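First up is the structure itself, then whatever we jot down about it.
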Amino acid sequence: MGVGIEVVNLNAWYAANHTLQDINLNIPANHATALIGPSGCGKSTFVRCLNRMHETNPIARVTGTVRIGDLDIYNDAKPVEIRRRVGMVFQRPNPFPTMSIYDNVAAGLKLNGYSNRRVLDEIVERSLKDSALWDEVKDDLKKKSGASLSGGQQQRLCIARALAVDPEVLLMDEPASALDPVSTSKIEDLIFQLKSQYTIVIVTHNMQQAARVAEKTGFFLNGRMVEFDSTHKIFTNPSDKRTEDYITGRFG
Amino acid sequence: MRTGVDGLATSLAVLSTVLVVVPLVAIFAYLIYKGASSLNISFFTQIPKPEGELGGGMANAIVGSGVLLGLASLIGVPIGISGGIFLAEFGRGTKLANAVRFTADVLNGVPSIVMGIAVYALIVTPRMPFSALSGGVALGIMMIPTVTRTTEEMLLMVPHAVREAALALGVPNWRSVLSITVRTASPGIITGCMLAFARVAGETAPLIFTAFGNSNWSVALNQPISALPLEIYRYAISPYDDQHRQAWAAALVLVVLIVAAVSLVRFVTSRGTLKGAS
């Protein structure tokens, strides 16, 4: 089951560039939360702070508190443990090119030393079913490479790979921006189904997408979070002038 | 005008292709012309006859080359790949990595005869005379820089997104490097190892002071051992026509064996490759 996320005074830097400034928000459990805003506003950096991927860049730095469930991720645990509990799907599908479809999904478990074949088989099947890819690949699981699939299939494979380690939170950084409309709508359907089991945070440039899949939406601008509210409120009656300007297309 | 330029570029490309292919084909054809007639069963089953006698073969040199190249690969491949992994993954940007990279490049440029003398000075002693082992060490050291640098290049070509995917799954960095990055780069790394192997397979100079050569059967690591390049060298400058013919045959066998070894490794490693893998 998903857990809530509490962010208190989060600041992040790339070298001297202060990309996130004093972010405070509560992301509800088992809902989809969308983050919108113009390019470079810090929303990708923000989600990368939620699974401690931000710090994999040697010039990056972060301060503040992030609680996932009751775990203070910057003080109570190692990055690798956090990343097993907080899955991530990237903008461009990035399956492991030399691995079969099966091994791609099982990678998170296998590489952490898990090797029970029967359990792995079950988890791979369940994850591929959860990511709506099972029917398309079940005959080629161990025959085809993850890289042989179409872009949309690859992205669903990446979602299956993230789900296989049974995370509590799923971060999606513009998961459909490199996909065609048909694949995009499949991913959106998927988010709709998955949010009953996982807490989902999705970064998107597509405001219709945010409106379709998310209960809550946050608007980021220049490294600050301008407004965070129910998606309906953000899109129909935003409190902040800058939010209104952005969603009505006056800039960005 | 545009079609003219296009035609010119195309013909230049075709010309270059021909210039690349012709020497290879010519060398191979000449080797077959000169060498094939001297190939017979005894060439592969017998050891050399005493000077001046007709017949005999190079069985000991063929096996000896195999032993030397096996030893060289045992030394050069693991050290070379480890060095490449260090340069690309763990030491990136450090002074030590820059020093290692510089050393590898210099080592690559060291003439092979110098390598032979160096190994002779370091390893060959009265208690440990000319030996297969010292020859293997000399060839192995020569393999290291090629393997290291190609491994590094191939690892750096693995997309950042693939590394991130592994890290985001909670895979520890060392595990991600070994199981994901190296695995993704493995076709290129294998090519690098094969290049290094093929290069040292034909080396003669480093063996003169180390493996030395042997007219008798020997596969003992602490004894002098025969090798095809050494026999080619010895026979080619001998006064006997029969030995000249055998030198041509040995050259042909050496080239065929190198091609066979490289093809075999490619075949074995490509069998595990999946449909659509890139």
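Just remember, in the structure tokens the first chain shown is A, the second B, etc., residues are 1-based per chain, and ligands are 1-based in the order shown.
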
Should the cut-off be 7 Å, what would the residue list for chain A against chain B look like, counting only C-alpha atoms, as a PDB file with N, CA and C atoms, in the first residue's frame?
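Done, and the output landed in result.pdb:
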```pdb
ATOM      1  N   MET A  53      17.734  10.408  -5.640  1.00  0.00           N
ATOM      2  CA  MET A  53      18.496  10.305  -6.887  1.00  0.00           C
ATOM      3  C   MET A  53      19.229  11.617  -7.171  1.00  0.00           C
ATOM      4  N   VAL A  80      20.058   3.358  -1.052  1.00  0.00           N
ATOM      5  CA  VAL A  80      19.579   2.163  -1.764  1.00  0.00           C
ATOM      6  C   VAL A  80      18.276   1.640  -1.158  1.00  0.00           C
ATOM      7  N   GLU A  81      18.132   1.758   0.178  1.00  0.00           N
ATOM      8  CA  GLU A  81      16.886   1.279   0.803  1.00  0.00           C
ATOM      9  C   GLU A  81      15.711   2.170   0.393  1.00  0.00           C
ATOM     10  N   ARG A  83      15.410   3.841  -2.348  1.00  0.00           N
ATOM     11  CA  ARG A  83      15.048   3.671  -3.756  1.00  0.00           C
ATOM     12  C   ARG A  83      14.284   2.375  -3.993  1.00  0.00           C
ATOM     13  N   ARG A  84      14.431   1.411  -3.080  1.00  0.00           N
ATOM     14  CA  ARG A  84      13.603   0.208  -3.215  1.00  0.00           C
ATOM     15  C   ARG A  84      12.163   0.495  -2.803  1.00  0.00           C
ATOM     16  N   GLY A  87       9.808   3.827  -6.147  1.00  0.00           N
ATOM     17  CA  GLY A  87      10.170   3.490  -7.524  1.00  0.00           C
ATOM     18  C   GLY A  87      10.155   4.720  -8.403  1.00  0.00           C
ATOM     19  N   MET A  88      10.851   4.634  -9.543  1.00  0.00           N
ATOM     20  CA  MET A  88      10.909   5.796 -10.427  1.00  0.00           C
ATOM     21  C   MET A  88      10.814   5.369 -11.889  1.00  0.00           C
ATOM     22  N   ASN A  94      13.910   3.508 -20.402  1.00  0.00           N
ATOM     23  CA  ASN A  94      15.312   3.075 -20.298  1.00  0.00           C
ATOM     24  C   ASN A  94      15.425   1.623 -19.842  1.00  0.00           C
ATOM     25  N   PHE A  96      16.944  -2.149 -19.704  1.00  0.00           N
ATOM     26  CA  PHE A  96      18.323  -2.626 -19.830  1.00  0.00           C
ATOM     27  C   PHE A  96      18.442  -3.341 -21.177  1.00  0.00           C
ATOM     28  N   PRO A  97      19.259  -2.795 -22.108  1.00  0.00           N
ATOM     29  CA  PRO A  97      19.201  -3.260 -23.499  1.00  0.00           C
ATOM     30  C   PRO A  97      19.660  -4.709 -23.698  1.00  0.00           C
ATOM     31  N   THR A  98      20.568  -5.194 -22.853  1.00  0.00           N
ATOM     32  CA  THR A  98      21.063  -6.556 -23.092  1.00  0.00           C
ATOM     33  C   THR A  98      20.266  -7.609 -22.332  1.00  0.00           C
ATOM     34  N   SER A 100      16.669  -9.701 -21.266  1.00  0.00           N
ATOM     35  CA  SER A 100      15.368 -10.108 -21.782  1.00  0.00           C
ATOM     36  C   SER A 100      14.279  -9.312 -21.060  1.00  0.00           C
ATOM     37  N   GLY A 108      15.454  -5.637 -10.454  1.00  0.00           N
ATOM     38  CA  GLY A 108      15.551  -5.044  -9.124  1.00  0.00           C
ATOM     39  C   GLY A 108      15.682  -6.095  -8.041  1.00  0.00           C
ATOM     40  N   LEU A 111      19.183  -8.321  -8.740  1.00  0.00           N
ATOM     41  CA  LEU A 111      20.417  -7.597  -8.430  1.00  0.00           C
ATOM     42  C   LEU A 111      20.538  -7.299  -6.947  1.00  0.00           C
ATOM     43  N   ASN A 112      19.443  -7.479  -6.206  1.00  0.00           N
ATOM     44  CA  ASN A 112      19.555  -7.357  -4.765  1.00  0.00           C
ATOM     45  C   ASN A 112      19.632  -8.726  -4.107  1.00  0.00           C
ATOM     46  N   LYS A 143      12.812 -14.539 -24.636  1.00  0.00           N
ATOM     47  CA  LYS A 143      13.400 -14.592 -25.971  1.00  0.00           C
ATOM     48  C   LYS A 143      13.813 -13.215 -26.473  1.00  0.00           C
ATOM     49  N   LYS A 144      13.012 -12.210 -26.135  1.00  0.00           N
ATOM     50  CA  LYS A 144      13.273 -10.888 -26.712  1.00  0.00           C
ATOM     51  C   LYS A 144      13.921  -9.962 -25.698  1.00  0.00           C
ATOM     52  N   SER A 145      14.738  -9.058 -26.238  1.00  0.00           N
ATOM     53  CA  SER A 145      15.353  -8.044 -25.408  1.00  0.00           C
ATOM     54  C   SER A 145      14.340  -6.948 -25.069  1.00  0.00           C
ATOM     55  N   ALA A 147      14.873  -3.986 -25.294  1.00  0.00           N
ATOM     56  CA  ALA A 147      15.045  -2.909 -26.271  1.00  0.00           C
ATOM     57  C   ALA A 147      14.308  -3.197 -27.576  1.00  0.00           C
ATOM     58  N   SER A 148      13.796  -4.421 -27.751  1.00  0.00           N
ATOM     59  CA  SER A 148      13.117  -4.754 -29.003  1.00  0.00           C
ATOM     60  C   SER A 148      11.671  -4.285 -29.006  1.00  0.00           C
ATOM     61  N   ALA A 162       9.698  -1.159 -12.125  1.00  0.00           N
ATOM     62  CA  ALA A 162       9.616  -0.402 -10.878  1.00  0.00           C
ATOM     63  C   ALA A 162       8.639  -1.057  -9.905  1.00  0.00           C
TER      64      ALA A 162
END
```

Inset, instruction - Report as an MDAnalysis selection string: the residues of range 83-138 of chain B with a DSSP assignment of helix (DSSP H, G or I), based on the backbone of this structure. - result: chainID B and resid 83:90 95:109 112:123 132:138

Legend entry - Within 10 Å of Gln46 in chain B using only C-alpha atoms, minus same-chain residues under 6 positions, as a ChimeraX atom specification: /B:55-60,216-217

Legend entry - One-decimal distance in Å that lies between CA of Ser177 in chain A and CA of Ala15 in chain A: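 That distance, rounded to one decimal, is 27.5 Å.
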
Inset, instruction - Write out as a PyMOL selection string each polymer residue whose atoms come within 8 Å of range 25-35 of chain A, counting only C-alpha atoms; drop sequence neighbours fewer than 4 positions from it. - result: chain A and resi 1-8+43+191-192+195-204+210+213-220+228

Requested write-out: C-alpha atoms of the selected residues, as a short mmCIF file (atom, residue, chain, number, x, y, z; two decimals), in the first residue's frame:
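Produced file out.cif, reproduced below:
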```cif
data_model
loop_
_atom_site.label_atom_id
_atom_site.label_comp_id
_atom_site.auth_asym_id
_atom_site.auth_seq_id
_atom_site.Cartn_x
_atom_site.Cartn_y
_atom_site.Cartn_z
CA MET A 1 0.00 0.00 0.00
CA GLY A 2 1.07 3.54 -0.61
CA VAL A 3 2.13 5.94 2.09
CA GLY A 4 1.97 9.71 2.33
CA ILE A 5 4.93 12.00 1.77
CA GLU A 6 5.70 14.99 3.94
CA VAL A 7 8.19 17.54 2.69
CA VAL A 8 9.50 20.22 5.04
CA LYS A 43 9.79 19.85 -10.62
CA ILE A 191 -1.83 5.49 -13.51
CA PHE A 192 -5.55 5.49 -12.83
CA LYS A 195 -3.08 4.77 -7.63
CA SER A 196 -5.31 2.55 -5.51
CA GLN A 197 -2.18 0.61 -4.53
CA TYR A 198 0.61 3.18 -4.73
CA THR A 199 1.18 6.81 -3.99
CA ILE A 200 1.94 8.32 -7.37
CA VAL A 201 3.75 11.56 -8.09
CA ILE A 202 3.78 12.51 -11.74
CA VAL A 203 5.68 15.37 -13.34
CA THR A 204 4.04 16.51 -16.53
CA ALA A 210 -2.59 16.38 -14.95
CA VAL A 213 -5.10 11.53 -13.74
CA ALA A 214 -4.38 13.53 -10.59
CA GLU A 215 -6.44 14.47 -7.55
CA LYS A 216 -3.88 16.98 -6.38
CA THR A 217 -1.72 19.32 -8.41
CA GLY A 218 1.25 21.46 -7.49
CA PHE A 219 2.45 24.37 -9.59
CA PHE A 220 6.18 25.06 -9.59
CA PHE A 228 -0.67 23.18 -4.17
#
```

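Across A:Val165, A:Ile59, A:Leu190, A:Leu157, the tightest approach to Leu120 in chain A is made by A:Val165 when counting only C-alpha atoms.
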
Inset, instruction - Tell me which protein, DNA and RNA residues are within 8 Å of Ala196 in chain B, counting only C-alpha atoms, leaving out same-chain ones fewer than 2 positions away, and put them as a list of chain:residue names. - result: B:Met142, B:Met143, B:Ile144, B:Thr146, B:Val147, B:Gly192, B:Cys193, B:Met194, B:Ala198, B:Arg199, B:Val200

For the selection just defined, write its residues with N, CA and C atoms to a file, as a PDB file, in the first residue's frame.
```
ATOM      1  N   MET B 142      51.496  -6.788 -22.854  1.00  0.00           N
ATOM      2  CA  MET B 142      51.202  -6.049 -24.085  1.00  0.00           C
ATOM      3  C   MET B 142      49.703  -5.958 -24.355  1.00  0.00           C
ATOM      4  N   MET B 143      48.941  -6.934 -23.839  1.00  0.00           N
ATOM      5  CA  MET B 143      47.489  -6.890 -24.061  1.00  0.00           C
ATOM      6  C   MET B 143      46.809  -5.839 -23.180  1.00  0.00           C
ATOM      7  N   ILE B 144      47.387  -5.606 -21.999  1.00  0.00           N
ATOM      8  CA  ILE B 144      46.687  -4.784 -20.997  1.00  0.00           C
ATOM      9  C   ILE B 144      46.221  -3.422 -21.516  1.00  0.00           C
ATOM     10  N   THR B 146      45.565  -2.144 -24.481  1.00  0.00           N
ATOM     11  CA  THR B 146      44.476  -2.191 -25.469  1.00  0.00           C
ATOM     12  C   THR B 146      43.159  -2.558 -24.792  1.00  0.00           C
ATOM     13  N   VAL B 147      43.211  -3.595 -23.948  1.00  0.00           N
ATOM     14  CA  VAL B 147      41.980  -4.036 -23.280  1.00  0.00           C
ATOM     15  C   VAL B 147      41.457  -2.939 -22.353  1.00  0.00           C
ATOM     16  N   GLY B 192      37.378  -5.620 -27.910  1.00  0.00           N
ATOM     17  CA  GLY B 192      38.673  -5.088 -27.476  1.00  0.00           C
ATOM     18  C   GLY B 192      39.631  -6.202 -27.103  1.00  0.00           C
ATOM     19  N   CYS B 193      39.134  -7.191 -26.364  1.00  0.00           N
ATOM     20  CA  CYS B 193      39.983  -8.321 -25.968  1.00  0.00           C
ATOM     21  C   CYS B 193      40.469  -9.075 -27.196  1.00  0.00           C
ATOM     22  N   MET B 194      39.586  -9.229 -28.183  1.00  0.00           N
ATOM     23  CA  MET B 194      39.960  -9.953 -29.394  1.00  0.00           C
ATOM     24  C   MET B 194      41.023  -9.201 -30.184  1.00  0.00           C
ATOM     25  N   ALA B 198      44.584 -10.767 -31.008  1.00  0.00           N
ATOM     26  CA  ALA B 198      45.073 -10.919 -32.372  1.00  0.00           C
ATOM     27  C   ALA B 198      46.394 -10.187 -32.555  1.00  0.00           C
ATOM     28  N   ARG B 199      46.521  -9.062 -31.864  1.00  0.00           N
ATOM     29  CA  ARG B 199      47.750  -8.303 -32.012  1.00  0.00           C
ATOM     30  C   ARG B 199      48.942  -9.067 -31.434  1.00  0.00           C
ATOM     31  N   VAL B 200      48.801  -9.594 -30.215  1.00  0.00           N
ATOM     32  CA  VAL B 200      49.964 -10.246 -29.610  1.00  0.00           C
ATOM     33  C   VAL B 200      50.203 -11.641 -30.183  1.00  0.00           C
TER      34      VAL B 200
END
```

Legend entry - range 2-251 of chain A: residues DSSP assigns to strand (DSSP E), reported as a PyMOL selection string: chain A and resi 5-14+17-27+32-36+60-68+71-72+86-89+169-173+199-203+216-221+224-230

Got time to write the residues from that selection, C-alpha atoms, as an mmCIF file, in the first residue's frame?
```cif
data_model
loop_
_atom_site.group_PDB
_atom_site.id
_atom_site.type_symbol
_atom_site.label_atom_id
_atom_site.label_comp_id
_atom_site.auth_asym_id
_atom_site.auth_seq_id
_atom_site.Cartn_x
_atom_site.Cartn_y
_atom_site.Cartn_z
ATOM 1 C CA ILE A 5 4.930 11.999 1.770
ATOM 2 C CA GLU A 6 5.701 14.988 3.939
ATOM 3 C CA VAL A 7 8.194 17.542 2.688
ATOM 4 C CA VAL A 8 9.502 20.219 5.044
ATOM 5 C CA ASN A 9 11.784 23.088 4.007
ATOM 6 C CA LEU A 10 13.354 21.237 1.139
ATOM 7 C CA ASN A 11 16.165 23.055 -0.647
ATOM 8 C CA ALA A 12 18.287 21.698 -3.462
ATOM 9 C CA TRP A 13 21.257 22.922 -5.442
ATOM 10 C CA TYR A 14 23.216 22.015 -8.554
ATOM 11 C CA ASN A 17 22.419 27.011 -8.703
ATOM 12 C CA HIS A 18 19.652 27.033 -6.080
ATOM 13 C CA THR A 19 17.092 24.921 -7.981
ATOM 14 C CA LEU A 20 14.591 24.279 -5.190
ATOM 15 C CA GLN A 21 13.745 26.822 -2.527
ATOM 16 C CA ASP A 22 11.868 26.089 0.699
ATOM 17 C CA ILE A 23 9.432 23.523 -0.578
ATOM 18 C CA ASN A 24 6.759 22.435 1.895
ATOM 19 C CA LEU A 25 3.937 20.098 1.013
ATOM 20 C CA ASN A 26 2.051 16.948 1.955
ATOM 21 C CA ILE A 27 1.426 14.407 -0.746
ATOM 22 C CA ALA A 32 -1.976 10.615 -7.922
ATOM 23 C CA THR A 33 -0.373 14.002 -7.463
ATOM 24 C CA ALA A 34 0.675 15.996 -10.514
ATOM 25 C CA LEU A 35 3.463 18.556 -10.602
ATOM 26 C CA ILE A 36 3.247 21.136 -13.366
ATOM 27 C CA ALA A 60 24.209 18.288 -6.290
ATOM 28 C CA ARG A 61 23.274 19.111 -2.691
ATOM 29 C CA VAL A 62 20.070 18.966 -0.699
ATOM 30 C CA THR A 63 18.826 20.125 2.727
ATOM 31 C CA GLY A 64 15.518 19.771 4.554
ATOM 32 C CA THR A 65 13.331 16.880 5.596
ATOM 33 C CA VAL A 66 11.404 14.346 3.536
ATOM 34 C CA ARG A 67 9.266 11.759 5.331
ATOM 35 C CA ILE A 68 7.915 8.839 3.381
ATOM 36 C CA LEU A 71 10.665 7.197 7.508
ATOM 37 C CA ASP A 72 12.868 10.295 7.441
ATOM 38 C CA VAL A 86 10.258 4.657 -3.908
ATOM 39 C CA GLY A 87 10.170 3.490 -7.524
ATOM 40 C CA MET A 88 10.909 5.796 -10.427
ATOM 41 C CA VAL A 89 9.927 5.945 -14.085
ATOM 42 C CA VAL A 169 5.583 5.336 -3.885
ATOM 43 C CA LEU A 170 5.928 5.602 -7.657
ATOM 44 C CA LEU A 171 7.590 8.694 -9.069
ATOM 45 C CA MET A 172 7.011 9.402 -12.753
ATOM 46 C CA ASP A 173 9.067 12.087 -14.438
ATOM 47 C CA THR A 199 1.175 6.808 -3.992
ATOM 48 C CA ILE A 200 1.937 8.323 -7.375
ATOM 49 C CA VAL A 201 3.751 11.565 -8.090
ATOM 50 C CA ILE A 202 3.777 12.511 -11.745
ATOM 51 C CA VAL A 203 5.675 15.366 -13.336
ATOM 52 C CA LYS A 216 -3.876 16.983 -6.379
ATOM 53 C CA THR A 217 -1.720 19.318 -8.410
ATOM 54 C CA GLY A 218 1.254 21.463 -7.491
ATOM 55 C CA PHE A 219 2.446 24.373 -9.595
ATOM 56 C CA PHE A 220 6.182 25.063 -9.588
ATOM 57 C CA LEU A 221 7.840 28.234 -10.845
ATOM 58 C CA ARG A 224 9.433 27.536 -5.703
ATOM 59 C CA MET A 225 6.112 25.867 -5.243
ATOM 60 C CA VAL A 226 3.571 28.532 -5.993
ATOM 61 C CA GLU A 227 0.405 26.638 -5.242
ATOM 62 C CA PHE A 228 -0.674 23.176 -4.165
ATOM 63 C CA ASP A 229 -4.306 22.208 -4.089
ATOM 64 C CA SER A 230 -6.929 19.883 -5.488
#
```

Legend entry - Residue nearest Val77 in chain B among B:Val256, B:Ile141, B:Val268, B:Val114 (counting only C-alpha atoms): B:Ile141

Inset, instruction - Quick one: everything within 8 Å of range 28-45 of chain B, counting only C-alpha atoms, minus sequence neighbours fewer than 2 positions away in the same chain. Send it as an MDAnalysis selection string. - result: chainID B and resid 24:26 47 55:59 62 245:252

Inset, instruction - Do a neighbour search on Ala205 in chain B at 10 Å with only C-alpha atoms, toss out local chain neighbours closer than 5 positions, and write the hits as a ChimeraX atom specification. - result: /B:111-117,138,210,212,229-230,233

Take the selection from the previous step and output its residues with N, CA and C atoms, as a PDB file, in the first residue's frame.
```pdb
ATOM      1  N   PRO B 111      57.699  -0.184 -27.806  1.00  0.00           N
ATOM      2  CA  PRO B 111      57.999  -1.183 -28.835  1.00  0.00           C
ATOM      3  C   PRO B 111      58.055  -2.580 -28.217  1.00  0.00           C
ATOM      4  N   SER B 112      57.578  -3.567 -28.991  1.00  0.00           N
ATOM      5  CA  SER B 112      57.432  -4.893 -28.405  1.00  0.00           C
ATOM      6  C   SER B 112      58.780  -5.502 -28.022  1.00  0.00           C
ATOM      7  N   ILE B 113      59.831  -5.120 -28.729  1.00  0.00           N
ATOM      8  CA  ILE B 113      61.143  -5.683 -28.379  1.00  0.00           C
ATOM      9  C   ILE B 113      61.584  -5.171 -27.008  1.00  0.00           C
ATOM     10  N   VAL B 114      61.224  -3.918 -26.709  1.00  0.00           N
ATOM     11  CA  VAL B 114      61.550  -3.351 -25.398  1.00  0.00           C
ATOM     12  C   VAL B 114      60.801  -4.122 -24.305  1.00  0.00           C
ATOM     13  N   MET B 115      59.553  -4.456 -24.610  1.00  0.00           N
ATOM     14  CA  MET B 115      58.774  -5.249 -23.664  1.00  0.00           C
ATOM     15  C   MET B 115      59.469  -6.580 -23.391  1.00  0.00           C
ATOM     16  N   GLY B 116      59.989  -7.188 -24.459  1.00  0.00           N
ATOM     17  CA  GLY B 116      60.695  -8.457 -24.309  1.00  0.00           C
ATOM     18  C   GLY B 116      61.909  -8.310 -23.404  1.00  0.00           C
ATOM     19  N   ILE B 117      62.695  -7.254 -23.649  1.00  0.00           N
ATOM     20  CA  ILE B 117      63.905  -7.050 -22.844  1.00  0.00           C
ATOM     21  C   ILE B 117      63.533  -6.777 -21.384  1.00  0.00           C
ATOM     22  N   ALA B 138      55.118 -11.454 -20.947  1.00  0.00           N
ATOM     23  CA  ALA B 138      55.434 -10.376 -21.893  1.00  0.00           C
ATOM     24  C   ALA B 138      54.236 -10.076 -22.793  1.00  0.00           C
ATOM     25  N   THR B 210      62.262 -14.357 -24.080  1.00  0.00           N
ATOM     26  CA  THR B 210      61.450 -14.880 -22.974  1.00  0.00           C
ATOM     27  C   THR B 210      61.058 -16.341 -23.214  1.00  0.00           C
ATOM     28  N   PHE B 212      61.729 -17.944 -25.956  1.00  0.00           N
ATOM     29  CA  PHE B 212      62.963 -18.377 -26.609  1.00  0.00           C
ATOM     30  C   PHE B 212      62.745 -19.306 -27.796  1.00  0.00           C
ATOM     31  N   PRO B 229      55.209 -17.554 -34.406  1.00  0.00           N
ATOM     32  CA  PRO B 229      55.983 -16.420 -34.936  1.00  0.00           C
ATOM     33  C   PRO B 229      57.494 -16.662 -34.832  1.00  0.00           C
ATOM     34  N   LEU B 230      57.939 -17.311 -33.730  1.00  0.00           N
ATOM     35  CA  LEU B 230      59.369 -17.598 -33.578  1.00  0.00           C
ATOM     36  C   LEU B 230      59.851 -18.556 -34.666  1.00  0.00           C
ATOM     37  N   TYR B 233      60.077 -16.800 -38.020  1.00  0.00           N
ATOM     38  CA  TYR B 233      61.282 -15.970 -38.036  1.00  0.00           C
ATOM     39  C   TYR B 233      62.513 -16.834 -38.296  1.00  0.00           C
TER      40      TYR B 233
END
```

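Between CA of His244 in chain B and CA of Ala261 in chain B lies a distance of 25.7 Å.
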
Inset, instruction - Rounded to one decimal place, report the CA of Gly188 in chain B-CA of Thr94 in chain B distance in Å. - result: 24.4 Å

Inset, instruction - Would you please work out which residue, of B:Thr125, B:Thr204, B:Ser82, B:Gln243, is nearest to Pro145 in chain B when using only C-alpha atoms? - result: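 Nearest to Pro145 in chain B: B:Ser82.
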
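Distances to Ala160 in chain A were evaluated for A:Pro95, A:Pro181, A:Pro38, A:Gly223 using only C-alpha atoms, and the minimum falls at A:Pro95.
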